[in-house]
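Asks: Here you go, one structure.
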Amino acid sequence: MDKTPVIQVKNMYKRFGNFIANEDLNFTVDRGEIFGFLGANGAGKTTAIKILCGLSKPSSGNISVAGYDVYSQTELIKRSIGYMSQKFSLYSDLTITENIRFYGGIYGLSKEKIRERTTELLEQFGLLEYKDSLISSLPLGWRQKLAFSVAVFHHPAIVFLDEPTSGVDPITRRQFWELIYDAASRGITVFVTTHYMDEAEYCNRVCIMHESRIVAMDQPRKLKELYNAQSIYDVFLKIVREKL
Amino acid sequence: MKRFKAFIIKEFRHMLRDYRTVLIIFGIPIVQLMLFGHVITTEIKNAPIAILDPSKDEISVAVTNKILSSGYFRLDREVQSVSQIETLFKKGKIKLVLVFEEKFGEKFQKSGNAAIQIVTDASDPNTAAILENYIRGIVNDYLFEQLQTGIIKMSLTVEHRMFYNEELRSANMFVPGTIVLILMLISALMTSVSITREKELGTMEVLLVSPLKPIQIILGKVIPYLTLAFLSAVVIIGVGFFVFHVPVRGSIFLIFGLCLLFILLALTIGITISTVTKTQQAAMIISLAGLMLPTILLSGFIFPIENLPRVLQYLSIIMPPRWFLVALKDVMLKGVGIGYIWKEMVILTVMLFGFIMLSLKKFQIRLS
């Protein structure tokens, strides 16, 4: 397996006037890794994600995503990633098939490929008979799972999930994480932000941000050992208290 | 291009799936035109009238017969005194009372000057005006006949009036006005709502992260509504022309070109609105209050600009619909060429580029 990291971030800074949103971030993410990005609101997670997705430019630092430079190759980056936001990202007035066809289309997949993968996907979910139902008629859990499948529909190198499970019941969240593992096993790198600390336990590695900086980064198990904590939630509390 | 095509298809799907809105878009102008057309083409038949004729002489009876045989009026009753008239109107049974003056025929033959008073129930002003015009027409017609047959010899000044002209003219105003209104509605309101909807739902982020370029997203949003707006303009002009005989005297290409220019302008305004609003409701309120109201009130659609208070006249100068309406009416009704409306077209074009710059600037601010 290719051992070069898919995301490389060195000395990343992002300033908005006098305000520093990201201060000297350094990390790498390996292929097929599930990388959790934790932090309170306003810690700088969203800013970092936006830069990695090619939506905004960093103030300084060397950053590459999927092998492309974030300053000059954002177009190529956008083709190599998938994205799912905390808000629901499928169109509720379109049918399942129409949504899939749309996302497949904007990622430049051919008609045959779209058709093939759509059938595959719907069979996997057992949704074949609902393929022409409007998204609005599906329960929230199903929509969320579909949204994830659509985000990885074009087989991106990396998928960015911005608080994908907010407002979802625990059972669906569990199933949702099964999908994430499944994607990771197929070599898709998963970059996920969440504020459910229990979810952080499912990640291969977590990175905790606090006040624009990275304050801790390791495997959940090692972090818990290091901080002598029961859970990632405790780790997080200990770190934040330390900083106060 | 393939990505763009997928986006356009999706936008058309959104638009057509919401078929109620599309129905409304095509329904409003047609209903408006039909209603208006109904008013202008209404030949009020068999309107109940009363007659007060004290003398009952040859001439007054002849006039009465002519009026009653026209088919527009039906004699409900004869009255004997003026005092009865109001009671009749209050009962609402009659629309009009014809009052011949005393010794009508005698006076007419002696001096060639006798009066008929037409009393109408103006609580329904349209009907009253139309009926009055009918009577005038019939009476004039009678006088003319008499003059030709030489039975009476007198110098008659026929008061030449373009009957029904007012109604006809407002019909001609109505078609261009409706076009302005509908184009504004589709282009500015629907576009701004459709863009803010993506923002509100969070799908805009997904689009921005996708390989679609921002310009493709904007164009993709705009093209379906441009198509819809253009089709709607064609339908309105067509219905106006074929059903209500509203003239299309100028070049049809110039008219469509003008519509296109205005649609583009309105679309850009819609995009600009969507860059400053976060929710669909806000976009809708800004579009309605900031665009529809001025379109109706300040464009000269309903109130002639010359009749507006001075402050509002100045305000109307910055209203894009005003310039479009003036140019459109000139081309449609007067048949002028581009040489007469270049000023309006330049103003609209300048506004178009102004809004393009503004929306691009706002869009970029939002991205960074």
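Starting from 1 in every chain, residues are counted up; chains themselves are A, B, ... following the order of the structure tokens, and ligands are numbered from 1 as listed.
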Can you tell me, as a VMD selection string, which residues in segment 2-235 of chain B count as alpha helix (DSSP H) by DSSP?

Replies: chain B and resid 2 to 17 19 to 41 58 to 68 83 to 91 104 to 111 125 to 149 165 to 184 191 to 201 203 to 209 214 to 235

Asks: Suppose we keep C-alpha atoms; can you now write the selection as a short mmCIF file (atom, residue, chain, number, x, y, z; two decimals), in the first residue's frame?

Replies:
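This went into result_8.cif:
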```cif
data_model
loop_
_atom_site.label_atom_id
_atom_site.label_comp_id
_atom_site.auth_asym_id
_atom_site.auth_seq_id
_atom_site.Cartn_x
_atom_site.Cartn_y
_atom_site.Cartn_z
CA LYS B 2 -20.88 17.26 -18.50
CA ARG B 3 -20.84 18.49 -14.92
CA PHE B 4 -22.63 21.65 -15.95
CA LYS B 5 -25.23 19.64 -17.84
CA ALA B 6 -25.94 17.55 -14.76
CA PHE B 7 -26.41 20.73 -12.78
CA ILE B 8 -28.78 22.27 -15.31
CA ILE B 9 -30.85 19.09 -15.42
CA LYS B 10 -31.13 19.17 -11.66
CA GLU B 11 -32.22 22.82 -11.70
CA PHE B 12 -34.91 22.14 -14.27
CA ARG B 13 -36.07 19.22 -12.16
CA HIS B 14 -36.41 21.49 -9.13
CA MET B 15 -38.35 23.99 -11.14
CA LEU B 16 -40.69 21.52 -12.79
CA ARG B 17 -41.19 19.42 -9.68
CA TYR B 19 -45.30 22.51 -10.75
CA ARG B 20 -47.61 24.67 -8.71
CA THR B 21 -45.22 27.58 -8.97
CA VAL B 22 -44.88 27.06 -12.71
CA LEU B 23 -48.65 26.98 -13.01
CA ILE B 24 -48.90 30.20 -11.07
CA ILE B 25 -46.24 31.81 -13.22
CA PHE B 26 -48.17 31.06 -16.36
CA GLY B 27 -51.54 31.33 -14.70
CA ILE B 28 -51.20 34.81 -13.22
CA PRO B 29 -50.66 36.68 -16.47
CA ILE B 30 -53.27 34.69 -18.32
CA VAL B 31 -55.86 35.20 -15.60
CA GLN B 32 -54.95 38.87 -15.42
CA LEU B 33 -55.27 39.25 -19.15
CA MET B 34 -58.52 37.29 -19.24
CA LEU B 35 -60.01 39.38 -16.47
CA PHE B 36 -58.97 42.53 -18.13
CA GLY B 37 -59.97 41.32 -21.52
CA HIS B 38 -63.34 40.52 -20.11
CA VAL B 39 -63.79 44.08 -18.93
CA ILE B 40 -62.78 45.62 -22.22
CA THR B 41 -64.69 43.30 -24.51
CA GLU B 58 -92.16 61.80 -32.28
CA ILE B 59 -88.49 62.47 -31.81
CA SER B 60 -88.11 61.33 -28.22
CA VAL B 61 -89.92 58.10 -29.05
CA ALA B 62 -87.74 57.59 -32.10
CA VAL B 63 -84.60 58.03 -30.01
CA THR B 64 -85.97 55.73 -27.35
CA ASN B 65 -86.78 53.07 -29.91
CA LYS B 66 -83.38 53.33 -31.44
CA ILE B 67 -81.76 52.90 -28.07
CA LEU B 68 -83.95 49.98 -27.07
CA SER B 83 -87.69 62.04 -7.63
CA GLN B 84 -88.32 58.39 -8.48
CA ILE B 85 -84.87 57.96 -9.97
CA GLU B 86 -82.93 57.66 -6.78
CA THR B 87 -85.31 55.11 -5.33
CA LEU B 88 -84.83 53.00 -8.41
CA PHE B 89 -81.07 53.18 -8.20
CA LYS B 90 -81.16 52.28 -4.55
CA LYS B 91 -83.12 49.17 -5.37
CA PHE B 104 -88.13 67.62 -26.18
CA GLY B 105 -89.28 67.28 -29.80
CA GLU B 106 -90.68 70.78 -29.96
CA LYS B 107 -87.45 72.34 -28.76
CA PHE B 108 -85.43 70.15 -31.01
CA GLN B 109 -87.30 71.15 -34.13
CA LYS B 110 -87.35 74.82 -33.23
CA SER B 111 -83.82 75.40 -32.09
CA PRO B 125 -67.96 53.04 -12.70
CA ASN B 126 -66.82 50.79 -15.54
CA THR B 127 -70.30 49.71 -16.48
CA ALA B 128 -71.60 53.23 -16.01
CA ALA B 129 -68.98 54.68 -18.32
CA ILE B 130 -69.53 52.02 -20.96
CA LEU B 131 -73.30 52.42 -20.91
CA GLU B 132 -73.00 56.17 -21.13
CA ASN B 133 -70.77 55.84 -24.12
CA TYR B 134 -73.24 53.48 -25.78
CA ILE B 135 -76.06 55.97 -25.35
CA ARG B 136 -73.98 58.80 -26.69
CA GLY B 137 -73.06 56.70 -29.66
CA ILE B 138 -76.62 55.77 -30.41
CA VAL B 139 -77.89 59.31 -30.05
CA ASN B 140 -75.15 60.67 -32.25
CA ASP B 141 -75.92 57.97 -34.73
CA TYR B 142 -79.55 59.03 -34.77
CA LEU B 143 -78.62 62.67 -35.31
CA PHE B 144 -76.34 61.70 -38.12
CA GLU B 145 -79.02 59.69 -39.85
CA GLN B 146 -81.45 62.58 -39.59
CA LEU B 147 -78.90 64.89 -41.04
CA GLN B 148 -78.27 62.61 -43.98
CA THR B 149 -81.88 62.03 -44.84
CA ASN B 165 -60.60 54.54 -26.17
CA GLU B 166 -59.68 54.75 -22.54
CA GLU B 167 -60.44 51.13 -21.94
CA LEU B 168 -58.64 50.11 -25.05
CA ARG B 169 -55.58 52.07 -24.13
CA SER B 170 -55.34 50.61 -20.67
CA ALA B 171 -55.52 47.16 -22.22
CA ASN B 172 -52.56 48.08 -24.30
CA MET B 173 -50.82 49.27 -21.18
CA PHE B 174 -51.77 46.15 -19.36
CA VAL B 175 -49.94 43.64 -21.51
CA PRO B 176 -46.54 45.35 -21.26
CA GLY B 177 -47.16 45.97 -17.56
CA THR B 178 -47.92 42.31 -16.94
CA ILE B 179 -44.77 41.33 -18.80
CA VAL B 180 -42.68 43.58 -16.55
CA LEU B 181 -44.31 42.18 -13.44
CA ILE B 182 -43.96 38.54 -14.40
CA LEU B 183 -40.38 38.87 -15.62
CA MET B 184 -39.47 40.54 -12.37
CA THR B 191 -33.81 33.06 -8.60
CA SER B 192 -33.00 34.65 -5.27
CA VAL B 193 -35.23 32.16 -3.48
CA SER B 194 -33.72 29.21 -5.31
CA ILE B 195 -30.16 30.27 -4.44
CA THR B 196 -30.92 31.05 -0.81
CA ARG B 197 -32.67 27.71 -0.54
CA GLU B 198 -29.39 25.96 -1.32
CA LYS B 199 -27.70 28.08 1.31
CA GLU B 200 -30.37 27.39 3.86
CA LEU B 201 -30.33 23.64 3.24
CA THR B 203 -26.35 22.08 -0.22
CA MET B 204 -24.54 25.22 -1.38
CA GLU B 205 -21.47 24.11 0.59
CA VAL B 206 -21.58 20.77 -1.15
CA LEU B 207 -21.78 22.50 -4.52
CA LEU B 208 -18.89 24.80 -3.69
CA VAL B 209 -16.74 21.85 -2.61
CA PRO B 214 -18.81 29.17 -9.03
CA ILE B 215 -19.65 30.69 -12.39
CA GLN B 216 -21.19 27.36 -13.44
CA ILE B 217 -23.28 27.29 -10.29
CA ILE B 218 -24.54 30.80 -10.97
CA LEU B 219 -25.23 30.13 -14.64
CA GLY B 220 -26.88 26.84 -13.78
CA LYS B 221 -29.19 28.63 -11.40
CA VAL B 222 -29.97 31.34 -13.89
CA ILE B 223 -30.58 29.45 -17.13
CA PRO B 224 -33.78 27.61 -16.12
CA TYR B 225 -35.37 30.82 -14.89
CA LEU B 226 -34.21 32.70 -17.95
CA THR B 227 -35.95 30.09 -20.06
CA LEU B 228 -39.09 30.23 -17.98
CA ALA B 229 -39.18 34.03 -17.97
CA PHE B 230 -38.65 34.23 -21.69
CA LEU B 231 -41.36 31.66 -22.41
CA SER B 232 -43.70 33.54 -20.16
CA ALA B 233 -43.03 36.82 -22.00
CA VAL B 234 -43.76 35.09 -25.30
CA VAL B 235 -47.02 33.67 -23.93
#
```

Asks: For segment 54-63 of chain A, please output as a list in words all residues within 6 Å (counting only C-alpha atoms; exclusion window: fewer than 4 positions along the same chain).

Replies: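 That gives Gln8, Val9, Lys10, Asn11, Met12, Tyr13, Lys14, Lys50 and Thr74 of chain A; Ser368 of chain B.
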
Asks: For N, CA and C atoms, I'd like the residues from the last selection saved as a PDB file, in the first residue's frame.

Replies:
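Written file, again31.pdb:
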```pdb
ATOM      1  N   GLN A   8      -1.134  16.320   3.984  1.00  0.00           N
ATOM      2  CA  GLN A   8       0.067  16.782   4.686  1.00  0.00           C
ATOM      3  C   GLN A   8      -0.101  18.259   5.014  1.00  0.00           C
ATOM      4  N   VAL A   9      -0.013  18.571   6.284  1.00  0.00           N
ATOM      5  CA  VAL A   9      -0.169  19.963   6.698  1.00  0.00           C
ATOM      6  C   VAL A   9       1.062  20.363   7.501  1.00  0.00           C
ATOM      7  N   LYS A  10       1.751  21.391   7.008  1.00  0.00           N
ATOM      8  CA  LYS A  10       2.948  21.858   7.728  1.00  0.00           C
ATOM      9  C   LYS A  10       2.834  23.351   8.000  1.00  0.00           C
ATOM     10  N   ASN A  11       2.917  23.716   9.242  1.00  0.00           N
ATOM     11  CA  ASN A  11       2.903  25.125   9.665  1.00  0.00           C
ATOM     12  C   ASN A  11       1.772  25.927   9.036  1.00  0.00           C
ATOM     13  N   MET A  12       0.572  25.390   9.121  1.00  0.00           N
ATOM     14  CA  MET A  12      -0.547  26.107   8.502  1.00  0.00           C
ATOM     15  C   MET A  12      -1.068  27.221   9.415  1.00  0.00           C
ATOM     16  N   TYR A  13      -1.151  28.404   8.820  1.00  0.00           N
ATOM     17  CA  TYR A  13      -1.721  29.569   9.512  1.00  0.00           C
ATOM     18  C   TYR A  13      -2.884  30.096   8.709  1.00  0.00           C
ATOM     19  N   LYS A  14      -3.911  30.558   9.396  1.00  0.00           N
ATOM     20  CA  LYS A  14      -4.966  31.286   8.706  1.00  0.00           C
ATOM     21  C   LYS A  14      -5.354  32.477   9.584  1.00  0.00           C
ATOM     22  N   LYS A  50     -12.222  23.980   5.539  1.00  0.00           N
ATOM     23  CA  LYS A  50     -12.431  24.784   4.334  1.00  0.00           C
ATOM     24  C   LYS A  50     -11.146  24.880   3.517  1.00  0.00           C
ATOM     25  N   THR A  74      -6.459  23.738  -6.497  1.00  0.00           N
ATOM     26  CA  THR A  74      -7.741  23.477  -5.816  1.00  0.00           C
ATOM     27  C   THR A  74      -8.711  22.713  -6.703  1.00  0.00           C
TER      28      THR A  74
ATOM     29  N   SER B 368     -14.500  34.050   0.799  1.00  0.00           N
ATOM     30  CA  SER B 368     -13.219  34.075   1.534  1.00  0.00           C
ATOM     31  C   SER B 368     -13.422  34.025   3.043  1.00  0.00           C
TER      32      SER B 368
END
```

Asks: Report as an mmCIF file with C-alpha atoms, in the first residue's frame the set of chain A residues whose atoms approach chain B to within 7 Å, with distances computed over only C-alpha atoms.

Replies:
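See out-v7.cif below for the written result:
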```cif
data_model
loop_
_atom_site.group_PDB
_atom_site.id
_atom_site.type_symbol
_atom_site.label_atom_id
_atom_site.label_comp_id
_atom_site.auth_asym_id
_atom_site.auth_seq_id
_atom_site.Cartn_x
_atom_site.Cartn_y
_atom_site.Cartn_z
ATOM 1 C CA CYS A 53 -11.332 21.312 0.698
ATOM 2 C CA LEU A 55 -12.634 26.582 -0.447
ATOM 3 C CA SER A 56 -10.290 29.085 1.107
ATOM 4 C CA GLU A 75 -9.576 22.270 -8.917
ATOM 5 C CA LYS A 78 -12.047 19.218 -5.505
ATOM 6 C CA ARG A 79 -12.166 16.309 -7.926
ATOM 7 C CA TYR A 83 -17.877 16.199 1.243
ATOM 8 C CA MET A 84 -20.815 15.883 3.535
ATOM 9 C CA LYS A 87 -26.705 20.005 7.211
ATOM 10 C CA PHE A 88 -28.463 17.516 5.114
ATOM 11 C CA SER A 89 -26.948 17.489 1.670
ATOM 12 C CA ASP A 93 -37.650 17.495 -3.770
ATOM 13 C CA PHE A 102 -26.838 14.690 -10.061
ATOM 14 C CA GLY A 105 -22.837 14.032 -12.905
ATOM 15 C CA ILE A 106 -21.128 16.959 -11.228
ATOM 16 C CA TYR A 107 -18.195 14.705 -10.381
ATOM 17 C CA GLY A 108 -17.933 13.811 -14.041
#
```

Asks: I need the residue nearest Ala183 of chain A from this list: A:Leu134, A:Val150, A:Val65, A:Leu38. Use only C-alpha atoms for the distance.

Replies: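 Counting only C-alpha atoms, the residue closest to Ala183 of chain A is A:Val150.
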
Asks: If we count only C-alpha atoms and set the cut-off at 9 Å, which residues sit around Phe324 of chain B, ignoring sequence neighbours fewer than 6 positions away in its own chain? Please answer as a PyMOL selection string.

Replies: chain B and resi 180+258-259+261-262+299+344-345+348

Asks: Would you mind writing down, as an NGL selection string, each residue of segment 21-232 of chain A that DSSP on the backbone assigns to strand (DSSP E)?

Replies: :A and (21-29 or 34-39 or 60-65 or 68-69 or 81-84 or 158-162 or 189-194 or 205-210 or 213-218)

Asks: Near Arg115 of chain A, counting only C-alpha atoms, which residues have an atom at most 12 Å away, once you skip same-chain residues fewer than 3 positions from it, shown as an MDAnalysis selection string?

Replies: chainID A and resid 97:98 100:102 104:105 109:112 118:122 131 153

Asks: What is the distance, in Å and to one decimal place, between atom CA of Asp218 of chain A and atom CA of Asp30 of chain A?

Replies: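 Straight-line distance from atom CA of Asp218 of chain A to atom CA of Asp30 of chain A works out to 13.0 Å.
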
Asks: Could you pull the residues within 9 Å of Lys334 of chain B, counting only C-alpha atoms, minus those fewer than 3 positions along the same chain, as a list in words?

Replies: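 These residues fall inside the cut-off: Pro247, Val248, Arg249, Gly250, Lys329, Asp330 and Val331 of chain B.
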
Asks: The selected residues should be written to file as a PDB file, in the first residue's frame (atoms: C-alpha atoms).

Replies:
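Contents of selection35.pdb, as written:
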```pdb
ATOM      1  CA  PRO B 247     -50.770  45.561 -31.250  1.00  0.00           C
ATOM      2  CA  VAL B 248     -47.199  44.436 -31.720  1.00  0.00           C
ATOM      3  CA  ARG B 249     -46.173  47.176 -34.073  1.00  0.00           C
ATOM      4  CA  GLY B 250     -42.415  47.220 -33.615  1.00  0.00           C
ATOM      5  CA  LYS B 329     -44.516  50.183 -24.762  1.00  0.00           C
ATOM      6  CA  ASP B 330     -42.813  52.363 -27.333  1.00  0.00           C
ATOM      7  CA  VAL B 331     -41.782  49.378 -29.404  1.00  0.00           C
TER       8      VAL B 331
END
```

Asks: May I ask for the distance between atom CA of Arg241 of chain A and atom CA of Asn204 of chain A, given in Å to one decimal place?

Replies: 24.8 Å
